[in-house]
>>> print(open('structure-v8.tsv').read())   # TSV, C-alpha atoms and all ligand atoms
chain	number	residue	atom	x	y	z
A	806	MET	CA	-112.00	110.99	138.74
A	807	LYS	CA	-109.48	113.44	137.31
A	808	ILE	CA	-110.34	115.70	134.37
A	809	LEU	CA	-108.04	118.19	132.64
A	810	ILE	CA	-109.55	121.20	130.90
A	811	ILE	CA	-107.31	122.55	128.14
A	812	ASN	CA	-108.09	125.94	126.64
A	813	GLY	CA	-106.34	127.21	123.54
A	814	PRO	CA	-105.41	130.60	122.12
A	815	ASN	CA	-107.07	133.80	123.30
A	816	LEU	CA	-109.21	132.02	125.87
A	817	ASN	CA	-107.04	133.64	128.56
A	818	LEU	CA	-108.88	136.81	127.49
A	819	LEU	CA	-112.34	135.51	128.39
A	820	GLY	CA	-114.30	138.19	130.17
A	821	THR	CA	-112.99	141.03	128.02
A	822	ARG	CA	-112.67	139.34	124.62
A	823	GLU	CA	-115.74	139.95	122.39
A	824	PRO	CA	-118.10	139.71	125.41
A	825	GLN	CA	-121.16	139.70	123.13
A	826	ILE	CA	-119.92	136.31	121.87
A	827	TYR	CA	-118.02	134.84	124.81
A	828	GLY	CA	-119.68	136.50	127.82
A	829	THR	CA	-118.25	138.59	130.62
A	830	SER	CA	-116.96	135.90	132.98
A	831	ASN	CA	-113.26	135.05	133.02
A	832	PHE	CA	-112.36	131.38	133.03
A	833	GLU	CA	-110.75	131.33	136.48
A	834	ASN	CA	-114.04	132.52	138.06
A	835	TYR	CA	-115.99	129.94	136.11
A	836	LEU	CA	-113.51	127.23	137.13
A	837	GLY	CA	-114.28	128.04	140.77
A	838	GLU	CA	-117.97	127.48	140.04
A	839	LEU	CA	-117.21	124.20	138.26
A	840	ARG	CA	-115.15	122.94	141.22
A	841	GLN	CA	-118.05	123.81	143.54
A	842	GLU	CA	-120.53	122.03	141.29
A	843	PHE	CA	-118.41	118.90	140.87
A	844	LYS	CA	-116.70	118.60	144.26
A	845	GLU	CA	-116.05	114.89	143.74
A	846	ILE	CA	-114.04	115.51	140.57
A	847	ASN	CA	-110.46	116.67	140.49
A	848	ILE	CA	-110.47	119.37	137.79
A	849	ASP	CA	-107.13	120.57	136.45
A	850	TYR	CA	-106.86	123.50	134.08
A	851	LEU	CA	-104.31	124.64	131.53
A	852	GLN	CA	-104.43	127.43	128.94
A	853	SER	CA	-101.90	128.07	126.21
A	854	ASN	CA	-101.71	130.25	123.14
A	855	HIS	CA	-99.21	127.84	121.53
A	856	GLU	CA	-100.14	124.84	119.40
A	857	GLY	CA	-97.12	122.74	120.46
A	858	ASP	CA	-97.85	123.36	124.13
A	859	LEU	CA	-101.40	122.09	123.63
A	860	ILE	CA	-100.02	118.97	121.95
A	861	ASP	CA	-97.52	118.43	124.79
A	862	ALA	CA	-100.29	118.90	127.36
A	863	LEU	CA	-102.47	116.28	125.65
A	864	GLN	CA	-99.61	113.80	125.43
A	865	ILE	CA	-98.69	114.29	129.08
A	866	ALA	CA	-102.33	114.12	130.19
A	867	ALA	CA	-102.69	110.76	128.48
A	868	ASP	CA	-101.29	108.80	131.45
A	869	LYS	CA	-102.35	111.15	134.20
A	870	VAL	CA	-106.03	111.96	133.84
A	871	ASP	CA	-109.24	110.05	133.12
A	872	ALA	CA	-110.48	112.51	130.51
A	873	VAL	CA	-109.72	115.80	128.80
A	874	ILE	CA	-112.06	118.65	127.87
A	875	LEU	CA	-110.49	120.52	124.99
A	876	ASN	CA	-111.37	123.93	123.63
A	877	ALA	CA	-108.60	124.35	121.10
A	878	ALA	CA	-110.18	127.65	119.99
A	879	ALA	CA	-109.00	128.69	116.50
A	880	TYR	CA	-106.65	125.67	116.28
A	881	SER	CA	-109.77	123.50	116.08
A	882	HIS	CA	-110.26	124.83	112.56
A	883	THR	CA	-106.64	124.49	111.43
A	884	SER	CA	-104.69	121.86	113.35
A	885	ILE	CA	-104.29	118.40	111.89
A	886	ALA	CA	-101.45	118.00	114.41
A	887	LEU	CA	-103.80	118.40	117.37
A	888	ALA	CA	-106.32	116.02	115.80
A	889	ASP	CA	-103.50	113.47	115.37
A	890	THR	CA	-102.65	113.80	119.06
A	891	VAL	CA	-106.25	113.22	120.11
A	892	LYS	CA	-106.24	110.12	117.91
A	893	ALA	CA	-102.90	108.93	119.31
A	894	ILE	CA	-103.91	108.90	122.97
A	895	GLN	CA	-106.35	106.52	124.66
A	896	THR	CA	-107.77	109.17	126.98
A	897	PRO	CA	-111.28	110.30	126.04
A	898	VAL	CA	-111.37	113.89	124.84
A	899	VAL	CA	-114.53	116.02	124.66
A	900	GLU	CA	-114.47	119.08	122.42
A	901	VAL	CA	-116.09	122.26	123.72
A	902	HIS	CA	-116.77	125.57	121.99
A	903	ILE	CA	-118.34	128.37	123.98
A	904	SER	CA	-119.97	129.95	120.95
A	905	ASN	CA	-122.09	128.20	118.35
A	906	ILE	CA	-119.42	127.75	115.70
A	907	PHE	CA	-122.07	126.79	113.12
A	908	ALA	CA	-123.81	130.15	113.49
A	909	ARG	CA	-120.60	132.08	112.81
A	910	GLU	CA	-118.23	132.58	109.86
A	911	SER	CA	-118.00	129.58	107.52
A	912	PHE	CA	-114.31	129.01	108.37
A	913	ARG	CA	-115.46	128.10	111.89
A	914	HIS	CA	-117.97	125.49	110.73
A	915	HIS	CA	-115.38	122.74	110.40
A	916	SER	CA	-113.31	121.44	113.30
A	917	TYR	CA	-110.56	118.87	112.74
A	918	LEU	CA	-111.20	117.74	116.30
A	919	SER	CA	-114.89	116.86	116.15
A	920	ALA	CA	-114.41	113.56	114.35
A	921	VAL	CA	-111.67	112.35	116.66
A	922	CYS	CA	-113.22	113.42	119.98
A	923	LYS	CA	-115.75	111.36	121.97
A	924	ALA	CA	-118.27	114.19	121.77
A	925	SER	CA	-118.50	117.82	120.78
A	926	LEU	CA	-120.41	120.69	122.35
A	927	SER	CA	-120.88	124.08	120.77
A	928	GLY	CA	-122.97	127.11	121.64
A	929	PHE	CA	-123.82	126.39	125.28
A	930	GLY	CA	-121.61	129.18	126.58
A	931	LEU	CA	-119.36	128.35	129.51
A	932	ARG	CA	-121.95	125.80	130.65
A	933	GLY	CA	-120.60	123.57	127.86
A	934	TYR	CA	-117.70	122.68	130.17
A	935	ALA	CA	-120.13	121.61	132.92
A	936	MET	CA	-122.10	119.58	130.39
A	937	ALA	CA	-118.91	117.85	129.26
A	938	ILE	CA	-118.01	116.99	132.87
A	939	TYR	CA	-121.53	115.69	133.44
A	940	TYR	CA	-121.18	113.44	130.40
A	941	LEU	CA	-117.74	112.15	131.40
A	942	LYS	CA	-118.93	111.50	134.94
A	943	HIS	CA	-121.90	109.43	133.84
A	944	GLU	CA	-120.61	107.63	130.77
A	945	ASN	CA	-118.41	104.58	130.80
A	946	ASN	CA	-115.68	105.79	128.57
A	1001	LIG	C1	-114.14	129.01	120.17
A	1001	LIG	C2	-114.63	129.19	118.73
A	1001	LIG	C3	-113.47	129.37	117.78
A	1001	LIG	O1	-113.94	129.52	116.45
A	1001	LIG	C4	-112.66	130.60	118.16
A	1001	LIG	O2	-111.55	130.72	117.33
A	1001	LIG	C5	-112.30	130.64	119.58
A	1001	LIG	C6	-113.23	130.15	120.60
A	1001	LIG	C7	-115.31	128.97	121.17
A	1001	LIG	O3	-115.07	128.56	122.30
A	1001	LIG	O4	-116.42	129.37	120.84
A	1001	LIG	O5	-111.24	131.18	119.94
A	1001	LIG	O6	-113.44	127.78	120.26
>>> encode(input="structure-v8.tsv", output="C-alpha cells")
Amino acid sequence: MKILIINGPNLNLLGTREPQIYGTSNFENYLGELRQEFKEINIDYLQSNHEGDLIDALQIAADKVDAVILNAAAYSHTSIALADTVKAIQTPVVEVHISNIFARESFRHHSYLSAVCKASLSGFGLRGYAMAIYYLKHENN
C-alpha cells in the first residue's frame, strides 16, 4: 500500500513553530518513526507553502497512491479550490490537524476539507498521522 502525506504552509517549521501548540519534533524525525511503525506501507511525503502546489500534488497523487493524508494547515480554513480537488479525485483523503482546531480561534473551527474527506482527525498531535495510516490500512476504502 502506498500513502502520500501532504503538509501545507508553515508545517516545514514544525519543531520550532509555536511548540506549545505543535510540539518540539520536526516532521522529518516523526516520518522516520512512522516508517518504522508501518514498515509494510510505502509512505511518501511532500510539504509546500503554496496552494497551487498542494492542488497539483493531489491531482498527481490521484493515479499513483492508494490514499492521501492531508494537513492543508491554514488553507483548510480558506481553500474551496483544495476542497474541489479532493472532491475531483477518487483517491481517499484523510484530513489531519495536529492541534485541536475546535479549541482554538473561531476562524479555525471550520475546514472546507472535512466534508469532502473520508475522515478528519484533530488534536491528537503528530500521532494523528499514525492514526490516519492505521485507519487507511484497516478500512476498505
Ligand atoms: C493545523 C491547524 C491550522 O489551523 C493551522 O493554520 C496550521 C496547522 C494543525 O495541524 O493543527 O497551520 O492544520
>>> residues_around(input="structure-v8.tsv", residues="region 919-935 of chain A", least_positions_apart="4", cutoff="9 Å", atoms="only C-alpha atoms", output="MDAnalysis selection string")
chainID A and resid 810 826:828 830 832 835 839 842:843 874 881 888:889 891:892 897:908 915 939:940 946
>>> closest_residue(input="structure-v8.tsv", among="A:Ile860, A:Gln841, A:Thr896, A:Gln852", to="Asn876 (chain A)", atoms="only C-alpha atoms")
A:Gln852
>>> residues_around(input="structure-v8.tsv", residues="Thr829 (chain A)", least_positions_apart="6", cutoff="8 Å", atoms="all atoms listed in the file", output="JSON, numbers by chain")
{"A": [819, 820, 821]}
>>> atom_distance(input="structure-v8.tsv", atom1="CA of Ala872 (chain A)", atom2="CA of Leu941 (chain A)")
7.3 Å
>>> atom_distance(input="structure-v8.tsv", atom1="CA of Asn834 (chain A)", atom2="CA of His855 (chain A)")
22.7 Å
>>> atom_distance(input="structure-v8.tsv", atom1="CA of Phe912 (chain A)", atom2="atom C7 of ligand LIG 1001 (chain A)")
12.8 Å
>>> closest_residue(input="structure-v8.tsv", among="A:Ala867, A:Leu859, A:Leu851, A:Ala879", to="ligand LIG 1001 (chain A)", atoms="only C-alpha atoms and all ligand atoms")
A:Ala879
>>> axis_aligned_box(input="structure-v8.tsv", around="region 909-917 of chain A", padding_each_side="5 Å", output="AutoDock Vina command-line options")
--center_x -115.6 --center_y 125.7 --center_z 110.4 --size_x 20.0 --size_y 23.7 --size_z 15.8
>>> closest_residue(input="structure-v8.tsv", among="A:Ala878, A:Ile811, A:Ile846, A:Ile894", to="ligand LIG 1001 (chain A)", atoms="all atoms listed in the file")
A:Ala878
>>> closest_residue(input="structure-v8.tsv", among="A:Ile885, A:Ala862, A:Leu875, A:Met806", to="ligand LIG 1001 (chain A)", atoms="all atoms listed in the file")
A:Leu875
>>> residues_around(input="structure-v8.tsv", residues="Thr883 (chain A)", least_positions_apart="3", cutoff="8 Å", atoms="all atoms listed in the file", output="list in words")
Ala879, Tyr880, Ser916 and Tyr917 of chain A
